[in-house]
>>> print(open('input39.pdb').read())   # PDB, C-alpha atoms and all ligand atoms
ATOM      1  CA  MET A   1      28.164 -27.582 -23.278
ATOM      2  CA  MET A   2      31.265 -25.557 -22.489
ATOM      3  CA  LEU A   3      31.639 -22.977 -25.233
ATOM      4  CA  GLU A   4      35.077 -22.033 -26.451
ATOM      5  CA  THR A   5      33.813 -18.516 -25.801
ATOM      6  CA  GLU A   6      34.483 -19.199 -22.131
ATOM      7  CA  VAL A   7      38.103 -20.205 -22.732
ATOM      8  CA  THR A   8      40.923 -18.634 -24.701
ATOM      9  CA  VAL A   9      40.332 -18.601 -28.426
ATOM     10  CA  ASP A  10      43.248 -19.324 -30.753
ATOM     11  CA  PRO A  11      44.592 -15.967 -32.086
ATOM     12  CA  ALA A  12      44.653 -17.453 -35.609
ATOM     13  CA  ILE A  13      40.902 -18.139 -35.390
ATOM     14  CA  GLN A  14      40.323 -14.624 -34.049
ATOM     15  CA  ALA A  15      42.331 -13.210 -36.957
ATOM     16  CA  ALA A  16      40.353 -15.343 -39.426
ATOM     17  CA  LEU A  17      37.074 -13.996 -38.025
ATOM     18  CA  PHE A  18      38.289 -10.387 -38.247
ATOM     19  CA  ALA A  19      39.292 -11.126 -41.845
ATOM     20  CA  ARG A  20      35.748 -12.396 -42.553
ATOM     21  CA  VAL A  21      34.294  -9.202 -41.066
ATOM     22  CA  ARG A  22      36.471  -7.170 -43.414
ATOM     23  CA  ARG A  23      35.809  -9.384 -46.425
ATOM     24  CA  HIS A  24      32.034  -9.316 -46.042
ATOM     25  CA  THR A  25      31.484  -5.726 -44.834
ATOM     26  CA  GLY A  26      34.709  -3.749 -45.262
ATOM     27  CA  ILE A  27      34.602  -2.995 -41.521
ATOM     28  CA  ALA A  28      38.119  -2.766 -40.085
ATOM     29  CA  MET A  29      38.060  -4.356 -36.619
ATOM     30  CA  ALA A  30      41.304  -4.369 -34.638
ATOM     31  CA  GLU A  31      42.311  -7.182 -32.292
ATOM     32  CA  ARG A  32      41.226  -5.197 -29.264
ATOM     33  CA  LYS A  33      37.660  -5.626 -30.561
ATOM     34  CA  TRP A  34      37.695  -9.367 -29.935
ATOM     35  CA  THR A  35      35.490  -9.098 -26.850
ATOM     36  CA  LEU A  36      32.948  -7.128 -28.884
ATOM     37  CA  LEU A  37      32.992  -9.584 -31.776
ATOM     38  CA  GLN A  38      32.834 -12.572 -29.447
ATOM     39  CA  GLY A  39      29.879 -11.037 -27.626
ATOM     40  CA  ARG A  40      28.034 -10.623 -30.908
ATOM     41  CA  LEU A  41      28.692 -14.146 -32.174
ATOM     42  CA  ARG A  42      28.256 -16.117 -28.939
ATOM     43  CA  ARG A  43      24.491 -16.607 -29.196
ATOM     44  CA  ARG A  44      24.810 -17.642 -32.843
ATOM     45  CA  LEU A  45      27.236 -20.415 -31.913
ATOM     46  CA  GLN A  46      24.822 -21.571 -29.254
ATOM     47  CA  ALA A  47      21.915 -21.509 -31.723
ATOM     48  CA  LEU A  48      23.952 -23.672 -34.123
ATOM     49  CA  SER A  49      25.045 -25.974 -31.247
ATOM     50  CA  LEU A  50      28.681 -25.269 -32.056
ATOM     51  CA  SER A  51      31.260 -25.396 -29.297
ATOM     52  CA  ASN A  52      34.104 -23.560 -31.002
ATOM     53  CA  TYR A  53      34.831 -20.718 -33.401
ATOM     54  CA  GLY A  54      36.818 -22.903 -35.805
ATOM     55  CA  ASP A  55      33.647 -24.895 -36.531
ATOM     56  CA  TYR A  56      31.732 -21.655 -36.914
ATOM     57  CA  LEU A  57      34.262 -20.453 -39.514
ATOM     58  CA  ALA A  58      33.645 -23.634 -41.514
ATOM     59  CA  VAL A  59      29.873 -22.984 -41.449
ATOM     60  CA  LEU A  60      30.382 -19.337 -42.400
ATOM     61  CA  ASP A  61      32.628 -20.206 -45.319
ATOM     62  CA  SER A  62      30.198 -22.731 -46.725
ATOM     63  CA  SER A  63      26.879 -20.906 -46.480
ATOM     64  CA  ASN A  64      25.672 -17.663 -48.044
ATOM     65  CA  ASP A  65      22.744 -17.618 -45.607
ATOM     66  CA  GLU A  66      25.211 -17.680 -42.738
ATOM     67  CA  VAL A  67      27.139 -14.794 -44.292
ATOM     68  CA  GLY A  68      23.905 -12.771 -44.182
ATOM     69  CA  ARG A  69      23.364 -13.586 -40.515
ATOM     70  CA  PHE A  70      27.017 -12.829 -39.780
ATOM     71  CA  ILE A  71      26.646  -9.380 -41.395
ATOM     72  CA  ASP A  72      23.517  -8.707 -39.327
ATOM     73  CA  LEU A  73      25.462  -9.626 -36.173
ATOM     74  CA  VAL A  74      28.735  -7.813 -36.760
ATOM     75  CA  THR A  75      27.331  -4.456 -37.915
ATOM     76  CA  THR A  76      26.495  -1.684 -35.458
ATOM     77  CA  ASN A  77      23.040  -0.437 -36.348
ATOM     78  CA  GLU A  78      22.456   2.301 -33.803
ATOM     79  CA  THR A  79      20.414   5.197 -35.189
ATOM     80  CA  SER A  80      17.621   7.604 -34.282
ATOM     81  CA  PHE A  81      15.108  10.009 -35.792
ATOM     82  CA  PHE A  82      16.509  13.456 -36.607
ATOM     83  CA  ARG A  83      19.970  12.508 -35.367
ATOM     84  CA  THR A  84      22.274  15.573 -35.252
ATOM     85  CA  PRO A  85      19.936  18.620 -35.186
ATOM     86  CA  ARG A  86      22.147  20.878 -37.307
ATOM     87  CA  ILE A  87      21.817  18.566 -40.307
ATOM     88  CA  TRP A  88      18.061  18.900 -40.251
ATOM     89  CA  ASP A  89      18.224  22.676 -39.757
ATOM     90  CA  TYR A  90      20.516  22.891 -42.782
ATOM     91  CA  LEU A  91      18.185  20.752 -44.889
ATOM     92  CA  TRP A  92      15.083  22.719 -43.902
ATOM     93  CA  HIS A  93      16.467  26.253 -44.053
ATOM     94  CA  GLY A  94      19.230  25.849 -46.630
ATOM     95  CA  PHE A  95      19.195  22.833 -48.899
ATOM     96  CA  LEU A  96      15.488  22.257 -49.610
ATOM     97  CA  PRO A  97      14.508  25.865 -50.480
ATOM     98  CA  ALA A  98      17.631  26.338 -52.625
ATOM     99  CA  TRP A  99      17.247  23.030 -54.452
ATOM    100  CA  HIS A 100      13.536  23.585 -55.077
ATOM    101  CA  ALA A 101      14.119  27.073 -56.473
ATOM    102  CA  ALA A 102      16.886  25.830 -58.767
ATOM    103  CA  HIS A 103      15.078  22.684 -60.060
ATOM    104  CA  PRO A 104      11.454  23.560 -60.843
ATOM    105  CA  GLY A 105       9.497  20.472 -61.895
ATOM    106  CA  ASP A 106      12.235  17.952 -60.991
ATOM    107  CA  ALA A 107      11.921  15.276 -58.318
ATOM    108  CA  LEU A 108      14.565  15.472 -55.603
ATOM    109  CA  GLN A 109      16.471  12.177 -55.426
ATOM    110  CA  ILE A 110      17.726  11.307 -51.934
ATOM    111  CA  TRP A 111      19.838   8.360 -50.800
ATOM    112  CA  SER A 112      20.188   7.303 -47.180
ATOM    113  CA  ALA A 113      23.250   5.168 -47.820
ATOM    114  CA  ALA A 114      23.649   3.366 -44.490
ATOM    115  CA  ALA A 115      20.009   3.465 -43.501
ATOM    116  CA  SER A 116      20.023   0.847 -40.736
ATOM    117  CA  THR A 117      16.452   0.479 -39.394
ATOM    118  CA  GLY A 118      15.191   3.446 -41.426
ATOM    119  CA  GLU A 119      14.861   6.296 -38.917
ATOM    120  CA  GLU A 120      17.093   8.538 -41.054
ATOM    121  CA  ALA A 121      15.104   7.809 -44.235
ATOM    122  CA  TYR A 122      11.770   8.450 -42.496
ATOM    123  CA  SER A 123      13.122  11.673 -40.936
ATOM    124  CA  LEU A 124      13.926  12.773 -44.497
ATOM    125  CA  ALA A 125      10.449  11.764 -45.665
ATOM    126  CA  MET A 126       8.797  13.745 -42.847
ATOM    127  CA  LEU A 127      10.872  16.816 -43.634
ATOM    128  CA  CYS A 128      10.041  16.517 -47.348
ATOM    129  CA  GLU A 129       6.330  16.091 -46.595
ATOM    130  CA  GLU A 130       6.390  19.250 -44.480
ATOM    131  CA  PHE A 131       8.187  21.073 -47.284
ATOM    132  CA  ARG A 132       5.626  19.796 -49.799
ATOM    133  CA  GLU A 133       2.818  21.257 -47.724
ATOM    134  CA  LYS A 134       4.382  24.658 -48.320
ATOM    135  CA  HIS A 135       5.342  23.920 -51.943
ATOM    136  CA  PRO A 136       2.731  21.587 -53.460
ATOM    137  CA  ASP A 137       4.720  21.137 -56.695
ATOM    138  CA  PHE A 138       7.692  19.673 -54.772
ATOM    139  CA  ARG A 139       8.366  15.999 -55.470
ATOM    140  CA  TYR A 140      10.955  13.663 -53.977
ATOM    141  CA  ARG A 141      12.021  10.048 -53.788
ATOM    142  CA  ILE A 142      14.103   8.374 -51.068
ATOM    143  CA  LEU A 143      16.210   5.231 -51.335
ATOM    144  CA  GLY A 144      17.417   3.630 -48.104
ATOM    145  CA  THR A 145      20.174   1.013 -48.375
ATOM    146  CA  ASP A 146      22.220  -0.992 -45.902
ATOM    147  CA  ILE A 147      24.434  -4.042 -46.034
ATOM    148  CA  ALA A 148      22.490  -5.708 -43.198
ATOM    149  CA  ALA A 149      19.256  -7.239 -44.503
ATOM    150  CA  GLY A 150      17.801  -7.717 -41.004
ATOM    151  CA  VAL A 151      17.609  -4.020 -40.111
ATOM    152  CA  LEU A 152      16.005  -3.172 -43.465
ATOM    153  CA  GLU A 153      13.037  -5.372 -42.517
ATOM    154  CA  THR A 154      12.268  -2.924 -39.710
ATOM    155  CA  GLY A 155      12.564  -0.058 -42.187
ATOM    156  CA  ARG A 156      10.182  -1.692 -44.652
ATOM    157  CA  ALA A 157       7.639  -2.497 -41.965
ATOM    158  CA  GLY A 158       8.027   0.997 -40.492
ATOM    159  CA  HIS A 159       7.488  -0.350 -36.952
ATOM    160  CA  TYR A 160       9.216   1.523 -34.131
ATOM    161  CA  LEU A 161       9.073   1.493 -30.359
ATOM    162  CA  GLY A 162      11.002   2.306 -27.209
ATOM    163  CA  ARG A 163      13.946   4.670 -27.080
ATOM    164  CA  ASN A 164      13.742   5.858 -30.689
ATOM    165  CA  ILE A 165      10.048   6.723 -30.444
ATOM    166  CA  ASP A 166      10.702   8.486 -27.119
ATOM    167  CA  GLY A 167      13.430  10.457 -28.898
ATOM    168  CA  LEU A 168      11.103  11.488 -31.730
ATOM    169  CA  ARG A 169       8.412  12.452 -29.237
ATOM    170  CA  LYS A 170      10.943  14.665 -27.490
ATOM    171  CA  VAL A 171      12.319  16.495 -30.556
ATOM    172  CA  ARG A 172       9.305  16.559 -32.924
ATOM    173  CA  PRO A 173       6.123  15.578 -31.034
ATOM    174  CA  ALA A 174       3.841  16.984 -33.755
ATOM    175  CA  MET A 175       5.520  14.789 -36.378
ATOM    176  CA  LEU A 176       5.090  11.647 -34.291
ATOM    177  CA  GLU A 177       1.398  12.484 -34.019
ATOM    178  CA  LYS A 178       1.033  13.296 -37.708
ATOM    179  CA  TYR A 179       3.104  10.586 -39.400
ATOM    180  CA  PHE A 180       2.851   7.553 -37.097
ATOM    181  CA  LEU A 181       0.009   5.432 -35.871
ATOM    182  CA  GLY A 182       0.595   4.184 -32.331
ATOM    183  CA  VAL A 183      -0.988   0.948 -31.120
ATOM    184  CA  ASP A 184       0.049   0.010 -27.612
ATOM    185  CA  GLU A 185       3.805   0.623 -27.586
ATOM    186  CA  VAL A 186       4.383   0.165 -31.324
ATOM    187  CA  TYR A 187       4.313   3.098 -33.738
ATOM    188  CA  THR A 188       3.943   2.463 -37.465
ATOM    189  CA  ALA A 189       4.979   4.945 -40.142
ATOM    190  CA  SER A 190       1.982   6.137 -42.176
ATOM    191  CA  PRO A 191       1.352   4.543 -45.601
ATOM    192  CA  MET A 192       2.258   7.889 -47.190
ATOM    193  CA  LEU A 193       5.646   7.887 -45.483
ATOM    194  CA  ARG A 194       6.307   4.262 -46.356
ATOM    195  CA  ALA A 195       5.370   4.883 -49.986
ATOM    196  CA  ALA A 196       8.010   7.627 -50.155
ATOM    197  CA  VAL A 197      10.894   5.365 -49.138
ATOM    198  CA  ASN A 198      12.300   2.247 -50.812
ATOM    199  CA  PHE A 199      14.696   0.009 -48.940
ATOM    200  CA  ARG A 200      17.163  -2.438 -50.378
ATOM    201  CA  THR A 201      20.414  -4.123 -49.459
ATOM    202  CA  HIS A 202      23.612  -2.667 -50.813
ATOM    203  CA  ASN A 203      27.272  -2.948 -49.903
ATOM    204  CA  LEU A 204      28.967   0.449 -50.107
ATOM    205  CA  TYR A 205      32.126  -1.235 -51.394
ATOM    206  CA  GLN A 206      30.238  -1.759 -54.631
ATOM    207  CA  ARG A 207      28.782   0.810 -57.003
ATOM    208  CA  LEU A 208      25.036   1.193 -56.766
ATOM    209  CA  GLU A 209      23.535  -0.449 -59.839
ATOM    210  CA  GLU A 210      20.879   2.127 -60.447
ATOM    211  CA  PRO A 211      20.673   4.802 -63.149
ATOM    212  CA  THR A 212      19.421   7.442 -60.689
ATOM    213  CA  ARG A 213      21.794  10.300 -59.939
ATOM    214  CA  PHE A 214      21.155  11.488 -56.381
ATOM    215  CA  ASP A 215      20.968  15.163 -55.428
ATOM    216  CA  LEU A 216      21.418  14.514 -51.730
ATOM    217  CA  VAL A 217      23.197  11.606 -50.026
ATOM    218  CA  LEU A 218      23.344  10.906 -46.303
ATOM    219  CA  LEU A 219      26.388   8.728 -45.582
ATOM    220  CA  ARG A 220      26.323   9.108 -41.850
ATOM    221  CA  ASN A 221      28.034   7.233 -39.039
ATOM    222  CA  VAL A 222      29.334   4.480 -41.276
ATOM    223  CA  LEU A 223      32.690   5.789 -42.576
ATOM    224  CA  ILE A 224      34.026   5.520 -39.017
ATOM    225  CA  TYR A 225      34.001   1.725 -39.359
ATOM    226  CA  PHE A 226      36.318   1.699 -42.391
ATOM    227  CA  ASP A 227      40.033   2.394 -42.697
ATOM    228  CA  GLU A 228      41.226   5.354 -44.807
ATOM    229  CA  SER A 229      41.569   3.459 -48.034
ATOM    230  CA  GLY A 230      38.126   1.883 -47.472
ATOM    231  CA  GLN A 231      36.654   5.321 -46.836
ATOM    232  CA  GLU A 232      38.102   6.617 -50.097
ATOM    233  CA  THR A 233      36.748   3.615 -52.029
ATOM    234  CA  VAL A 234      33.286   3.992 -50.520
ATOM    235  CA  LEU A 235      33.207   7.751 -51.053
ATOM    236  CA  GLU A 236      34.123   7.360 -54.717
ATOM    237  CA  ASN A 237      31.500   4.641 -55.216
ATOM    238  CA  VAL A 238      28.881   6.904 -53.655
ATOM    239  CA  ARG A 239      30.040   9.945 -55.611
ATOM    240  CA  GLN A 240      29.585   8.051 -58.873
ATOM    241  CA  SER A 241      25.852   7.887 -58.097
ATOM    242  CA  MET A 242      25.555  11.598 -57.374
ATOM    243  CA  SER A 243      24.644  14.394 -59.748
ATOM    244  CA  PRO A 244      27.214  17.158 -60.271
ATOM    245  CA  ARG A 245      27.137  19.630 -57.326
ATOM    246  CA  ALA A 246      25.025  17.197 -55.259
ATOM    247  CA  VAL A 247      25.348  17.393 -51.477
ATOM    248  CA  LEU A 248      26.835  14.743 -49.185
ATOM    249  CA  LEU A 249      26.189  14.729 -45.428
ATOM    250  CA  VAL A 250      28.384  12.752 -43.020
ATOM    251  CA  GLY A 251      28.178  11.959 -39.294
ATOM    252  CA  GLU A 252      29.275  14.102 -36.336
ATOM    253  CA  SER A 253      32.581  12.362 -35.843
ATOM    254  CA  GLU A 254      33.386  12.024 -39.536
ATOM    255  CA  SER A 255      35.432  14.294 -41.789
ATOM    256  CA  LEU A 256      36.749  13.990 -45.337
ATOM    257  CA  ASN A 257      39.532  16.505 -44.768
ATOM    258  CA  ARG A 258      42.452  14.079 -44.773
ATOM    259  CA  LEU A 259      41.104  11.920 -47.580
ATOM    260  CA  ARG A 260      41.557  12.112 -51.344
ATOM    261  CA  THR A 261      38.022  12.447 -52.671
ATOM    262  CA  GLY A 262      36.022  14.239 -55.330
ATOM    263  CA  PHE A 263      34.137  16.219 -52.688
ATOM    264  CA  ALA A 264      34.595  19.860 -51.706
ATOM    265  CA  TYR A 265      34.087  20.990 -48.113
ATOM    266  CA  GLN A 266      31.117  23.331 -47.569
ATOM    267  CA  GLN A 267      30.481  23.406 -43.808
ATOM    268  CA  PRO A 268      31.170  20.925 -41.011
ATOM    269  CA  LEU A 269      29.525  17.599 -42.026
ATOM    270  CA  ILE A 270      28.468  19.029 -45.410
ATOM    271  CA  TYR A 271      30.312  18.395 -48.702
ATOM    272  CA  ARG A 272      29.569  18.941 -52.375
ATOM    273  CA  ASN A 273      30.321  16.690 -55.338
ATOM    274  CA  ASP A 274      33.062  18.589 -57.085
ATOM    275  CA  ARG A 275      33.573  16.413 -60.158
ATOM    276  CA  PRO A 276      31.420  14.960 -62.923
ATOM    277  CA  PRO A 277      30.998  11.160 -62.911
ATOM    278  CA  VAL A 278      33.579   9.228 -64.981
TER
HETATM  279  C1  LIG A 301      25.623   3.275 -36.986
HETATM  280  S1  LIG A 301      24.579   2.869 -38.336
HETATM  281  C2  LIG A 301      24.248   4.482 -39.015
HETATM  282  C3  LIG A 301      22.784   4.663 -39.337
HETATM  283  C4  LIG A 301      22.413   6.062 -39.806
HETATM  284  N1  LIG A 301      23.094   6.416 -41.042
HETATM  285  C5  LIG A 301      22.694   7.090 -38.750
HETATM  286  O1  LIG A 301      23.606   7.877 -38.895
HETATM  287  O2  LIG A 301      21.995   7.101 -37.729
HETATM  288  C6  LIG A 301      25.784   2.207 -39.492
HETATM  289  C7  LIG A 301      25.134   1.329 -40.579
HETATM  290  O3  LIG A 301      26.094   1.097 -41.606
HETATM  291  C8  LIG A 301      25.858  -0.188 -42.118
HETATM  292  N2  LIG A 301      27.057  -0.671 -42.842
HETATM  293  C9  LIG A 301      28.225  -1.111 -42.335
HETATM  294  N3  LIG A 301      29.056  -1.488 -43.315
HETATM  295  C10 LIG A 301      28.409  -1.272 -44.482
HETATM  296  C11 LIG A 301      28.733  -1.482 -45.848
HETATM  297  N4  LIG A 301      29.917  -1.988 -46.232
HETATM  298  N5  LIG A 301      27.815  -1.155 -46.786
HETATM  299  C12 LIG A 301      26.610  -0.655 -46.423
HETATM  300  N6  LIG A 301      26.236  -0.442 -45.145
HETATM  301  C13 LIG A 301      27.119  -0.750 -44.186
HETATM  302  C14 LIG A 301      25.529  -1.017 -40.897
HETATM  303  O4  LIG A 301      24.827  -2.191 -41.217
HETATM  304  C15 LIG A 301      24.714  -0.024 -40.058
HETATM  305  O5  LIG A 301      23.335  -0.213 -40.201
END
>>> encode(input="input39.pdb", output="structure tokens", more="lines below")
Ligand SMILES: C[S@@+](CC[C@H](N)C(=O)[O-])C[C@H]1O[C@@H](n2cnc3c(N)ncnc32)[C@H](O)[C@@H]1O
Amino acid sequence: MMLETEVTVDPAIQAALFARVRRHTGIAMAERKWTLLQGRLRRRLQALSLSNYGDYLAVLDSSNDEVGRFIDLVTTNETSFFRTPRIWDYLWHGFLPAWHAAHPGDALQIWSAAASTGEEAYSLAMLCEEFREKHPDFRYRILGTDIAAGVLETGRAGHYLGRNIDGLRKVRPAMLEKYFLGVDEVYTASPMLRAAVNFRTHNLYQRLEEPTRFDLVLLRNVLIYFDESGQETVLENVRQSMSPRAVLLVGESESLNRLRTGFAYQQPLIYRNDRPPV
């Protein structure tokens, strides 16, 4: 079957698909991203035996299951353990000791707010476990959320292999040894690590329906996919789930400087909640 993917696709259909990306994820994709979007959807059309994108739109608009698959396909889920070394140095040398000293007896509440396959959440858990070895009264809880249900399955299973395990072996070989069990090529996060992290789906364009106020939120390498007004909406939603003076960490290429938010700049990539929740 000759797929429409091989011939020119009607610009109105392209625009409708971009609109669905925005409606379901908030991701702002410009027209120049058509090749990317097409590349991500092509196999799905083949799997559904559809020959054109108009028919795919009809399926998408009539099926919640298909919306879930669409979200899995259109999101970019790249991540790694201990991504951006200076974040982890800050957490280890700055944030954790200061927070622990200021909150004796409390449990640190952490949210990895675009967790993808879970490497960020498990990096946090490893760091917290190491900190707990030095401070046995330290307690913590980590929530990992993402809009894409598919990647969260990897997080829940805690199974990793390939490039991301090679990366962990390179930067923290002792942690790989201590917190993962390797069988053949597959490394599984220890039960202790998995017990420390909960994963669930959540769209950042909505408020998190959870009474917990987080002391530390990692919202990293996800704002870049939204336009400015989307970034402000998402940041305010996230801020509403943070305790006063809680810390927000963003990704290397992200900055809140030009946005209207309730956060105050601390250092590059590091912000503080500057306002009480409303
Ligand atoms: C590039 S990954 C970043 C992973 C990790 N935070 C890191 O920095 O390595 C971006 C993640 O954001 C998620 N995402 C995109 N739009 C979202 C939304 N509206 N709500 C929640 N998560 C979203 C994607 O599914 C993807 O897993």
>>> residues_around(input="input39.pdb", residues="Lys33 (chain A)", least_positions_apart="6", cutoff="12 Å", atoms="only C-alpha atoms", output="number ranges by chain")
A: 14-15, 17-18, 21, 27, 39-40, 74
>>> write_last_selection(input="input39.pdb", atoms="C-alpha atoms", output="PDB file, keeping the file's coordinate frame")
ATOM      1  CA  GLN A  14      40.323 -14.624 -34.049  1.00  0.00           C
ATOM      2  CA  ALA A  15      42.331 -13.210 -36.957  1.00  0.00           C
ATOM      3  CA  LEU A  17      37.074 -13.996 -38.025  1.00  0.00           C
ATOM      4  CA  PHE A  18      38.289 -10.387 -38.247  1.00  0.00           C
ATOM      5  CA  VAL A  21      34.294  -9.202 -41.066  1.00  0.00           C
ATOM      6  CA  ILE A  27      34.602  -2.995 -41.521  1.00  0.00           C
ATOM      7  CA  GLY A  39      29.879 -11.037 -27.626  1.00  0.00           C
ATOM      8  CA  ARG A  40      28.034 -10.623 -30.908  1.00  0.00           C
ATOM      9  CA  VAL A  74      28.735  -7.813 -36.760  1.00  0.00           C
TER      10      VAL A  74
END
>>> residues_around(input="input39.pdb", residues="region 183-193 of chain A", least_positions_apart="5", cutoff="9 Å", atoms="all atoms listed in the file", output="PDB file with C-alpha atoms, keeping the file's coordinate frame")
ATOM      1  CA  TYR A 122      11.770   8.450 -42.496  1.00  0.00           C
ATOM      2  CA  ALA A 125      10.449  11.764 -45.665  1.00  0.00           C
ATOM      3  CA  MET A 126       8.797  13.745 -42.847  1.00  0.00           C
ATOM      4  CA  GLU A 129       6.330  16.091 -46.595  1.00  0.00           C
ATOM      5  CA  ALA A 157       7.639  -2.497 -41.965  1.00  0.00           C
ATOM      6  CA  GLY A 158       8.027   0.997 -40.492  1.00  0.00           C
ATOM      7  CA  HIS A 159       7.488  -0.350 -36.952  1.00  0.00           C
ATOM      8  CA  TYR A 160       9.216   1.523 -34.131  1.00  0.00           C
ATOM      9  CA  LEU A 161       9.073   1.493 -30.359  1.00  0.00           C
ATOM     10  CA  GLY A 162      11.002   2.306 -27.209  1.00  0.00           C
ATOM     11  CA  ILE A 165      10.048   6.723 -30.444  1.00  0.00           C
ATOM     12  CA  LEU A 176       5.090  11.647 -34.291  1.00  0.00           C
ATOM     13  CA  LYS A 178       1.033  13.296 -37.708  1.00  0.00           C
TER      14      LYS A 178
END
>>> atom_distance(input="input39.pdb", atom1="CA of Ile270 (chain A)", atom2="atom O1 of ligand LIG 301 (chain A)")
13.8 Å
>>> residues_near_ligand(input="input39.pdb", ligand="ligand LIG 301 (chain A)", cutoff="7 Å", atoms="all atoms listed in the file", output="PyMOL selection string")
chain A and resi 25-27+72+75-80+83+112-117+120+145-148+151+202-205+218-222+251
>>> residues_around(input="input39.pdb", residues="Val171 (chain A)", least_positions_apart="3", cutoff="12 Å", atoms="all atoms listed in the file", output="PyMOL selection string")
chain A and resi 80-85+88+123+164-168+174-176
>>> atom_distance(input="input39.pdb", atom1="CA of Asp215 (chain A)", atom2="CA of Ala246 (chain A)")
4.5 Å
